[in-house]
Amino acid sequence: MAEIRGEVKQQYVASLFSRIADRYDLMNDLMTLGLHRNWKARTVRLAAQGLSGKGLDVAGGTGDLGIALARRAGIEHAVVLDLLPGMIAKARSKAGAAGLPENVTCLLGDALDLPFADDTFACCTAGFSLRNMPGPGGVQIALAEMVRVVRPGGRVAVLELTPMAKGGLSGILRWYFHHVVPLIGSVVAGDRAAYTYLPQSVDQFVEAVALAGMLEDAGLALVGYKIMGFGAVAVHWGNKP
Ligand SMILES: C[S@@+](CC[C@H](N)C(=O)[O-])C[C@H]1O[C@@H](n2cnc3c(N)ncnc32)[C@H](O)[C@@H]1O
């Protein structure tokens, strides 16, 4: 796939996630054998540990990270924001089923133009979403927005698939992502194209060390990252000074 950018990418991504919203959670469980739940738990821990106040999950899809934020002792309320009504409807219904309808607000909105005042949140997360921002500059704009709405002393955490370094299991994992995942997507979600885009978008994304540099450029301090998932996933974090 040639790299798609800008407005075309935004429309492509919106159409793709609208089509798969109903099967999105099942696909995540199947593709990762449930491991995405551990990665999300770790991301929320890194974002919220020791903080109190409100939490935000940007491009939050069906709400996993937002609901996990709302379960943290110090987080009085969580907001899940996503571009798509189909995703927000799922997030709202999952927050209700989790017994947290009052603790999680699910909102339509654009990660590139967050509808919140500066310094509103104690912490902000984004999971598997920065990769889908339109270029050029979409990732930087989304990060700048996340940093803007977090209060000084607050924290940002980003969970993302990451291009794999050569060696180790990377050959097997690349084969899995490029051949098995599209097949599962075609059978389970009825959408081979959506799950062909996934590995291609990872190949076109920045490596974990470069993403850490982007968090620093966005104004975060004490930036760190941890590679997980046999080298296929990274969680990044940083503090707003
Ligand atoms: C791969 S899903 C990730 C969902 C969720 N964060 C998770 O970890 O399961 C990517 C999400 O980003 C959303 N998205 C893409 N571009 C967006 C934008 N500009 N603003 C808000 N949400 C966006 C999509 O609608 C989709 O729900």
# chains A, B, ... in the order shown; residues from 1 in each chain; ligands from 1
$ residues_around --residues "A:Pro101" --least-positions-apart "3" --cutoff "12 Å" --atoms "only C-alpha atoms" --output "NGL selection string"
:A and (63 or 66-67 or 70-71 or 77-80 or 91-98 or 104-106)
$ residues_near_ligand --ligand "ligand 1" --cutoff "9 Å" --atoms "only C-alpha atoms and all ligand atoms" --output "PyMOL selection string"
chain A and resi 10-11+13-18+21+24-25+28+36+40+57-66+80-88+108-114+125-134+138+142+159-160+198
$ closest_residue --among "A:Ala189, A:Ala234, A:Val202, A:Ala194" --to "A:Leu30" --atoms "only C-alpha atoms"
A:Ala189
$ closest_residue --among "A:Gly185, A:Gly74, A:Gly153, A:Gly55" --to "A:Asn239" --atoms "only C-alpha atoms"
A:Gly153
$ select_by_dssp --residues "stretch 56-202 of chain A" --states "strand (DSSP E or B)" --output "VMD selection string"
chain A and resid 56 to 58 75 to 82 104 to 108 121 to 127 150 to 161
$ closest_residue --among "A:Gly213, A:Ala41, A:Lys226, A:His178" --to "A:Gln140" --atoms "only C-alpha atoms"
A:Gly213
$ residues_around --residues "A:Arg72" --least-positions-apart "5" --cutoff "9 Å" --atoms "only C-alpha atoms" --output "list in words"
Val44, Arg45, Ala48 and Gln49 of chain A
$ residues_around --residues "A:Val209" --least-positions-apart "6" --cutoff "12 Å" --atoms "only C-alpha atoms" --output "PyMOL selection string"
chain A and resi 162-165+215-216+223-227+234-236
$ closest_residue --among "A:Leu222, A:Leu69, A:Ala193, A:Cys124" --to "A:Pro241" --atoms "only C-alpha atoms"
A:Leu222
$ select_by_dssp --residues "stretch 31-218 of chain A" --states "alpha helix (DSSP H)" --output "ChimeraX atom specification"
/A:31-32,35-48,64-71,85-97,138-149,170-175,181-188,192-203,208-217
$ closest_residue --among "A:Arg155, A:Arg192, A:Arg42, A:His179" --to "A:Gly219" --atoms "only C-alpha atoms"
A:Arg155
$ decode --residues "stretch 22-43 of chain A" --atoms "C-alpha atoms" --output "CSV table (one decimal), in the first residue's frame"
chain,number,residue,atom,x,y,z
A,22,ASP,CA,-18.8,-4.2,16.0
A,23,ARG,CA,-16.1,-6.8,15.8
A,24,TYR,CA,-13.2,-4.6,17.0
A,25,ASP,CA,-13.0,-6.1,20.6
A,26,LEU,CA,-13.3,-9.7,19.4
A,27,MET,CA,-10.6,-9.1,16.8
A,28,ASN,CA,-8.2,-7.6,19.5
A,29,ASP,CA,-8.7,-10.7,21.7
A,30,LEU,CA,-8.1,-13.1,18.8
A,31,MET,CA,-5.1,-11.3,17.2
A,32,THR,CA,-3.3,-10.8,20.5
A,33,LEU,CA,-4.6,-13.9,22.3
A,34,GLY,CA,-5.9,-11.5,24.9
A,35,LEU,CA,-2.5,-9.8,25.6
A,36,HIS,CA,-3.8,-6.4,24.6
A,37,ARG,CA,-5.6,-6.4,28.0
A,38,ASN,CA,-2.3,-6.6,29.9
A,39,TRP,CA,-0.7,-3.9,27.7
A,40,LYS,CA,-3.6,-1.6,28.3
A,41,ALA,CA,-3.5,-2.3,32.1
A,42,ARG,CA,0.1,-1.4,32.1
A,43,THR,CA,-0.5,1.8,30.1
